[in-house]
Number of protein chains: 2
Amino acid sequence: MTTSQIRSDADLAIALRIAVGRLARRIRAERAAKGLPELSDTQFAALAALVRHTAMTPGELAENEKVQPPSMTRAIAVLEERGLLTRAPHPRDKRQVALTATAAGRSLVEQVRRLREAWLARRLRELSAQERSVLRAAAPVLDKLSQS
Amino acid sequence: MTTSQIRSDADLAIALRIAVGRLARRIRAERAAKGLPELSDTQFAALAALVRHTAMTPGELAENEKVQPPSMTRAIAVLEERGLLTRAPHPRDKRQVALTATAAGRSLVEQVRRLREAWLARRLRELSAQERSVLRAAAPVLDKLSQS
DNA sequence: TATTGTTATACTCTATAACTATA
DNA sequence: TATAGTTATAGAGTATAACAATA
């Protein structure tokens, strides 16, 4: 089927699955391209979470990224070696550790995001004004879908 | 920023990046959920390519999925062990191998797709008719974006 | 006793290099 | 000589199980 023949919700689901999957892969591919430090998905996701929520613990990060605690331990070790995060004692619980992104860590997350967004913004400029306005209307709906 | 305040193309790029990335992860997560045979991304992508284009060679599959030939050799070996594809001599070139998905392979690819689309179709039914029509208009534009 | 985090160990996936068979 | 595919081997990432420190 082609996307110009979307009738039922089932057809819409198929068209969205294909387009969203391919677009997400294309956006993700922009990370590796530009000589930035290579981080795995888990490492990057953990660092991005720390940029957003400061002083998270390894357990919270593991839960957040749906990996097992030992996997997060390893990811954190790599990020610490590269100076992208620091550890501090947890204020109340001596078993836990409070992690914080360094300035270098925050900067790296921003650079990667800018790369991805720049690629997408270039593609958007190649669309017609009408196509862009369709996407502008769709963005909040896609966001809602993604949160369900 | 929230998606209700999308003004510039840069803002639109940010909103789309976030929503598309999250939605793609959510759709992909439906594969593992339901007791189907576990296949890696490369294995599944190779099998899906064989469902679409019959009698591909290992080299074509490797090129198609952007992996090195030895990685595809391994993926093919797993798919063959599980009875999801079969090998045949290449008609002209004895160095090459012609691969074909078995009935079981085709069936598995369809089941995984149905799972993902069913999840998405359920989410779509929770939207208003107007939201669905916005997505219906956006699907071809997203498709075009993803192909650039 | 339960929980947080780490270490030990094994499995999977991918890559590069070397090899075999065919063109 | 060059090409298609495979085998050998190593590196990165994740998981389960076992352990130490703390609650």
# chains A, B, ... in the order shown; residues from 1 in each chain; ligands from 1
$ select_by_dssp --residues "segment 40-146 of chain A" --states "strand (DSSP E or B)" --output "ChimeraX atom specification"
/A:56,85-89,97-101
$ interface_residues --of "chain C" --to "chain B" --cutoff "8 Å" --atoms "only C-alpha atoms (C1' of nucleotides)" --output "ChimeraX atom specification"
/C:13-15,21-23
$ residues_around --residues "segment 110-120 of chain A" --least-positions-apart "2" --cutoff "12 Å" --atoms "only C-alpha atoms (C1' of nucleotides)" --output "PDB file with N, CA and C atoms, in the first residue's frame"
ATOM      1  N   LEU A  23      12.175   7.188   9.860  1.00  0.00           N
ATOM      2  CA  LEU A  23      12.636   8.537  10.207  1.00  0.00           C
ATOM      3  C   LEU A  23      13.477   8.517  11.483  1.00  0.00           C
ATOM      4  N   ALA A  24      13.051   7.722  12.451  1.00  0.00           N
ATOM      5  CA  ALA A  24      13.816   7.630  13.701  1.00  0.00           C
ATOM      6  C   ALA A  24      15.212   7.070  13.438  1.00  0.00           C
ATOM      7  N   ARG A  25      15.302   6.043  12.586  1.00  0.00           N
ATOM      8  CA  ARG A  25      16.626   5.484  12.255  1.00  0.00           C
ATOM      9  C   ARG A  25      17.490   6.536  11.586  1.00  0.00           C
ATOM     10  N   ARG A  26      16.879   7.306  10.705  1.00  0.00           N
ATOM     11  CA  ARG A  26      17.635   8.317   9.968  1.00  0.00           C
ATOM     12  C   ARG A  26      18.159   9.406  10.907  1.00  0.00           C
ATOM     13  N   ILE A  27      17.315   9.825  11.866  1.00  0.00           N
ATOM     14  CA  ILE A  27      17.727  10.861  12.812  1.00  0.00           C
ATOM     15  C   ILE A  27      18.856  10.347  13.700  1.00  0.00           C
ATOM     16  N   ARG A  28      18.692   9.104  14.174  1.00  0.00           N
ATOM     17  CA  ARG A  28      19.714   8.535  15.056  1.00  0.00           C
ATOM     18  C   ARG A  28      21.056   8.421  14.348  1.00  0.00           C
ATOM     19  N   ALA A  29      21.011   8.163  13.043  1.00  0.00           N
ATOM     20  CA  ALA A  29      22.251   7.968  12.296  1.00  0.00           C
ATOM     21  C   ALA A  29      23.089   9.244  12.265  1.00  0.00           C
ATOM     22  N   GLU A  30      22.492  10.386  12.555  1.00  0.00           N
ATOM     23  CA  GLU A  30      23.247  11.641  12.546  1.00  0.00           C
ATOM     24  C   GLU A  30      24.236  11.738  13.700  1.00  0.00           C
ATOM     25  N   ARG A  31      24.061  10.912  14.735  1.00  0.00           N
ATOM     26  CA  ARG A  31      24.972  11.062  15.863  1.00  0.00           C
ATOM     27  C   ARG A  31      26.394  10.677  15.488  1.00  0.00           C
ATOM     28  N   ALA A  32      26.522   9.457  14.963  1.00  0.00           N
ATOM     29  CA  ALA A  32      27.845   8.905  14.708  1.00  0.00           C
ATOM     30  C   ALA A  32      28.612   9.741  13.693  1.00  0.00           C
ATOM     31  N   ALA A  33      27.853  10.400  12.811  1.00  0.00           N
ATOM     32  CA  ALA A  33      28.461  10.958  11.608  1.00  0.00           C
ATOM     33  C   ALA A  33      29.576  11.974  11.849  1.00  0.00           C
ATOM     34  N   LYS A  34      29.543  12.734  12.927  1.00  0.00           N
ATOM     35  CA  LYS A  34      30.309  13.960  12.934  1.00  0.00           C
ATOM     36  C   LYS A  34      31.514  14.078  13.875  1.00  0.00           C
ATOM     37  N   GLY A  35      32.140  12.959  14.184  1.00  0.00           N
ATOM     38  CA  GLY A  35      33.370  13.061  14.950  1.00  0.00           C
ATOM     39  C   GLY A  35      33.168  13.362  16.428  1.00  0.00           C
ATOM     40  N   LEU A  36      31.946  13.269  16.918  1.00  0.00           N
ATOM     41  CA  LEU A  36      31.742  13.419  18.355  1.00  0.00           C
ATOM     42  C   LEU A  36      32.152  12.119  19.051  1.00  0.00           C
ATOM     43  N   PRO A  37      32.457  12.192  20.362  1.00  0.00           N
ATOM     44  CA  PRO A  37      32.822  10.968  21.086  1.00  0.00           C
ATOM     45  C   PRO A  37      31.728   9.927  20.925  1.00  0.00           C
ATOM     46  N   GLU A  38      32.138   8.712  20.675  1.00  0.00           N
ATOM     47  CA  GLU A  38      31.174   7.630  20.494  1.00  0.00           C
ATOM     48  C   GLU A  38      30.663   7.164  21.851  1.00  0.00           C
ATOM     49  N   LEU A  39      29.370   7.210  22.017  1.00  0.00           N
ATOM     50  CA  LEU A  39      28.747   6.655  23.227  1.00  0.00           C
ATOM     51  C   LEU A  39      27.677   5.665  22.779  1.00  0.00           C
ATOM     52  N   PHE A  44      24.528   7.232  26.272  1.00  0.00           N
ATOM     53  CA  PHE A  44      23.993   8.545  25.896  1.00  0.00           C
ATOM     54  C   PHE A  44      22.674   8.832  26.611  1.00  0.00           C
ATOM     55  N   ALA A  45      21.809   7.823  26.689  1.00  0.00           N
ATOM     56  CA  ALA A  45      20.514   8.032  27.347  1.00  0.00           C
ATOM     57  C   ALA A  45      20.709   8.360  28.826  1.00  0.00           C
ATOM     58  N   LEU A  47      23.341   9.793  30.200  1.00  0.00           N
ATOM     59  CA  LEU A  47      23.890  11.144  30.299  1.00  0.00           C
ATOM     60  C   LEU A  47      22.796  12.186  30.053  1.00  0.00           C
ATOM     61  N   ALA A  48      21.952  11.934  29.064  1.00  0.00           N
ATOM     62  CA  ALA A  48      20.873  12.874  28.767  1.00  0.00           C
ATOM     63  C   ALA A  48      19.908  12.970  29.951  1.00  0.00           C
ATOM     64  N   VAL A  51      21.377  15.190  32.488  1.00  0.00           N
ATOM     65  CA  VAL A  51      21.327  16.604  32.123  1.00  0.00           C
ATOM     66  C   VAL A  51      19.964  17.166  32.536  1.00  0.00           C
ATOM     67  N   ARG A  52      18.942  16.329  32.391  1.00  0.00           N
ATOM     68  CA  ARG A  52      17.603  16.797  32.710  1.00  0.00           C
ATOM     69  C   ARG A  52      17.320  16.778  34.219  1.00  0.00           C
ATOM     70  N   ALA A 103      30.045  19.814  33.030  1.00  0.00           N
ATOM     71  CA  ALA A 103      29.834  20.775  31.938  1.00  0.00           C
ATOM     72  C   ALA A 103      30.121  20.101  30.599  1.00  0.00           C
ATOM     73  N   ALA A 104      31.164  19.272  30.549  1.00  0.00           N
ATOM     74  CA  ALA A 104      31.496  18.574  29.300  1.00  0.00           C
ATOM     75  C   ALA A 104      30.364  17.620  28.906  1.00  0.00           C
ATOM     76  N   GLY A 105      29.767  16.967  29.889  1.00  0.00           N
ATOM     77  CA  GLY A 105      28.659  16.060  29.609  1.00  0.00           C
ATOM     78  C   GLY A 105      27.458  16.792  29.064  1.00  0.00           C
ATOM     79  N   ARG A 106      27.128  17.911  29.691  1.00  0.00           N
ATOM     80  CA  ARG A 106      25.977  18.684  29.216  1.00  0.00           C
ATOM     81  C   ARG A 106      26.228  19.192  27.804  1.00  0.00           C
ATOM     82  N   SER A 107      27.446  19.636  27.567  1.00  0.00           N
ATOM     83  CA  SER A 107      27.793  20.174  26.254  1.00  0.00           C
ATOM     84  C   SER A 107      27.688  19.095  25.174  1.00  0.00           C
ATOM     85  N   LEU A 108      28.142  17.881  25.504  1.00  0.00           N
ATOM     86  CA  LEU A 108      28.075  16.800  24.519  1.00  0.00           C
ATOM     87  C   LEU A 108      26.628  16.466  24.158  1.00  0.00           C
ATOM     88  N   ARG A 122      16.981  20.969   8.141  1.00  0.00           N
ATOM     89  CA  ARG A 122      17.312  21.070   6.709  1.00  0.00           C
ATOM     90  C   ARG A 122      16.268  20.359   5.867  1.00  0.00           C
ATOM     91  N   ARG A 123      15.894  19.154   6.322  1.00  0.00           N
ATOM     92  CA  ARG A 123      14.876  18.404   5.568  1.00  0.00           C
ATOM     93  C   ARG A 123      13.546  19.155   5.564  1.00  0.00           C
ATOM     94  N   LEU A 124      13.215  19.789   6.684  1.00  0.00           N
ATOM     95  CA  LEU A 124      11.946  20.520   6.775  1.00  0.00           C
ATOM     96  C   LEU A 124      11.913  21.691   5.803  1.00  0.00           C
ATOM     97  N   ARG A 125      13.066  22.327   5.599  1.00  0.00           N
ATOM     98  CA  ARG A 125      13.099  23.480   4.685  1.00  0.00           C
ATOM     99  C   ARG A 125      12.855  23.065   3.249  1.00  0.00           C
ATOM    100  N   GLU A 126      13.068  21.747   2.973  1.00  0.00           N
ATOM    101  CA  GLU A 126      12.837  21.267   1.607  1.00  0.00           C
ATOM    102  C   GLU A 126      11.354  20.978   1.342  1.00  0.00           C
ATOM    103  N   LEU A 127      10.548  21.037   2.405  1.00  0.00           N
ATOM    104  CA  LEU A 127       9.109  20.788   2.229  1.00  0.00           C
ATOM    105  C   LEU A 127       8.394  22.091   1.846  1.00  0.00           C
ATOM    106  N   ARG A 132       4.791  21.671   5.891  1.00  0.00           N
ATOM    107  CA  ARG A 132       5.288  22.011   7.224  1.00  0.00           C
ATOM    108  C   ARG A 132       4.137  22.285   8.187  1.00  0.00           C
TER     109      ARG A 132
ATOM    110  N   ASP B   9      10.867  26.571  12.420  1.00  0.00           N
ATOM    111  CA  ASP B   9      11.224  25.243  11.936  1.00  0.00           C
ATOM    112  C   ASP B   9      12.145  24.541  12.928  1.00  0.00           C
ATOM    113  N   ALA B  10      12.974  25.308  13.620  1.00  0.00           N
ATOM    114  CA  ALA B  10      13.860  24.694  14.609  1.00  0.00           C
ATOM    115  C   ALA B  10      13.036  24.073  15.733  1.00  0.00           C
ATOM    116  N   ASP B  11      12.008  24.804  16.179  1.00  0.00           N
ATOM    117  CA  ASP B  11      11.123  24.255  17.217  1.00  0.00           C
ATOM    118  C   ASP B  11      10.417  23.003  16.709  1.00  0.00           C
ATOM    119  N   LEU B  12       9.978  23.053  15.471  1.00  0.00           N
ATOM    120  CA  LEU B  12       9.284  21.896  14.904  1.00  0.00           C
ATOM    121  C   LEU B  12      10.231  20.700  14.838  1.00  0.00           C
ATOM    122  N   ALA B  13      11.495  20.960  14.460  1.00  0.00           N
ATOM    123  CA  ALA B  13      12.476  19.874  14.394  1.00  0.00           C
ATOM    124  C   ALA B  13      12.657  19.241  15.770  1.00  0.00           C
ATOM    125  N   ILE B  14      12.724  20.084  16.804  1.00  0.00           N
ATOM    126  CA  ILE B  14      12.911  19.557  18.165  1.00  0.00           C
ATOM    127  C   ILE B  14      11.712  18.704  18.575  1.00  0.00           C
ATOM    128  N   ALA B  15      10.523  19.229  18.348  1.00  0.00           N
ATOM    129  CA  ALA B  15       9.320  18.499  18.758  1.00  0.00           C
ATOM    130  C   ALA B  15       9.192  17.173  18.009  1.00  0.00           C
ATOM    131  N   LEU B  16       9.482  17.203  16.719  1.00  0.00           N
ATOM    132  CA  LEU B  16       9.386  15.969  15.932  1.00  0.00           C
ATOM    133  C   LEU B  16      10.455  14.968  16.351  1.00  0.00           C
ATOM    134  N   ARG B  17      11.668  15.441  16.605  1.00  0.00           N
ATOM    135  CA  ARG B  17      12.729  14.530  17.015  1.00  0.00           C
ATOM    136  C   ARG B  17      12.323  13.777  18.278  1.00  0.00           C
ATOM    137  N   ILE B  18      11.801  14.512  19.252  1.00  0.00           N
ATOM    138  CA  ILE B  18      11.436  13.880  20.518  1.00  0.00           C
ATOM    139  C   ILE B  18      10.289  12.892  20.324  1.00  0.00           C
ATOM    140  N   VAL B  20       9.029  11.466  17.551  1.00  0.00           N
ATOM    141  CA  VAL B  20       9.302  10.353  16.637  1.00  0.00           C
ATOM    142  C   VAL B  20      10.226   9.335  17.298  1.00  0.00           C
ATOM    143  N   GLY B  21      11.233   9.832  17.986  1.00  0.00           N
ATOM    144  CA  GLY B  21      12.155   8.908  18.657  1.00  0.00           C
ATOM    145  C   GLY B  21      11.437   8.071  19.692  1.00  0.00           C
ATOM    146  N   LEU B 142       5.532  12.615   6.568  1.00  0.00           N
ATOM    147  CA  LEU B 142       6.554  11.918   7.355  1.00  0.00           C
ATOM    148  C   LEU B 142       7.280  10.897   6.483  1.00  0.00           C
ATOM    149  N   LEU B 145       9.703  12.775   4.325  1.00  0.00           N
ATOM    150  CA  LEU B 145      10.831  13.188   5.158  1.00  0.00           C
ATOM    151  C   LEU B 145      11.808  12.035   5.374  1.00  0.00           C
ATOM    152  N   SER B 146      11.241  10.867   5.656  1.00  0.00           N
ATOM    153  CA  SER B 146      12.079   9.731   6.030  1.00  0.00           C
ATOM    154  C   SER B 146      12.876   9.218   4.843  1.00  0.00           C
ATOM    155  N   GLN B 147      12.457   9.582   3.632  1.00  0.00           N
ATOM    156  CA  GLN B 147      13.162   9.081   2.458  1.00  0.00           C
ATOM    157  C   GLN B 147      14.224  10.044   1.952  1.00  0.00           C
ATOM    158  N   SER B 148      14.351  11.185   2.588  1.00  0.00           N
ATOM    159  CA  SER B 148      15.308  12.172   2.055  1.00  0.00           C
ATOM    160  C   SER B 148      16.709  11.939   2.583  1.00  0.00           C
TER     161      SER B 148
END
$ residues_around --residues "Met56 of chain B" --least-positions-apart "4" --cutoff "12 Å" --atoms "only C-alpha atoms (C1' of nucleotides)" --output "VMD selection string"
chain B and resid 46 to 52 60 to 64 76 85 to 91 96 to 101
$ interface_residues --of "chain D" --to "chain B" --cutoff "10 Å" --atoms "only C-alpha atoms (C1' of nucleotides)" --output "list in words"
DT3, DA4, DG5, DT6 and DT7 of chain D
$ select_by_dssp --residues "chain B" --states "alpha helix (DSSP H)" --output "ChimeraX atom specification"
/B:9-33,41-52,58-65,69-81,103-125,129-146
$ atom_distance --atom1 "atom C1' of DG13 of chain D" --atom2 "atom CA of Gln43 of chain A"
10.5 Å
$ atom_distance --atom1 "atom C1' of DA18 of chain D" --atom2 "atom C1' of DC11 of chain C"
18.0 Å
$ closest_residue --among "B:Lys66, B:Ser133, B:Ala121, B:His53" --to "chain A" --atoms "only C-alpha atoms"
B:Ala121
$ residues_around --residues "DC19 of chain D" --least-positions-apart "4" --cutoff "10 Å" --atoms "only C-alpha atoms (C1' of nucleotides)" --output "PyMOL selection string"
chain C and resi 6-8
$ write_last_selection --atoms "C-alpha atoms (C1' of nucleotides)" --output "mmCIF file, in the first residue's frame"
data_model
loop_
_atom_site.group_PDB
_atom_site.id
_atom_site.type_symbol
_atom_site.label_atom_id
_atom_site.label_comp_id
_atom_site.auth_asym_id
_atom_site.auth_seq_id
_atom_site.Cartn_x
_atom_site.Cartn_y
_atom_site.Cartn_z
ATOM 1 C "C1'" DT C 6 29.456 -3.700 42.356
ATOM 2 C "C1'" DT C 7 32.164 -7.725 40.713
ATOM 3 C "C1'" DA C 8 32.481 -12.233 38.275
#
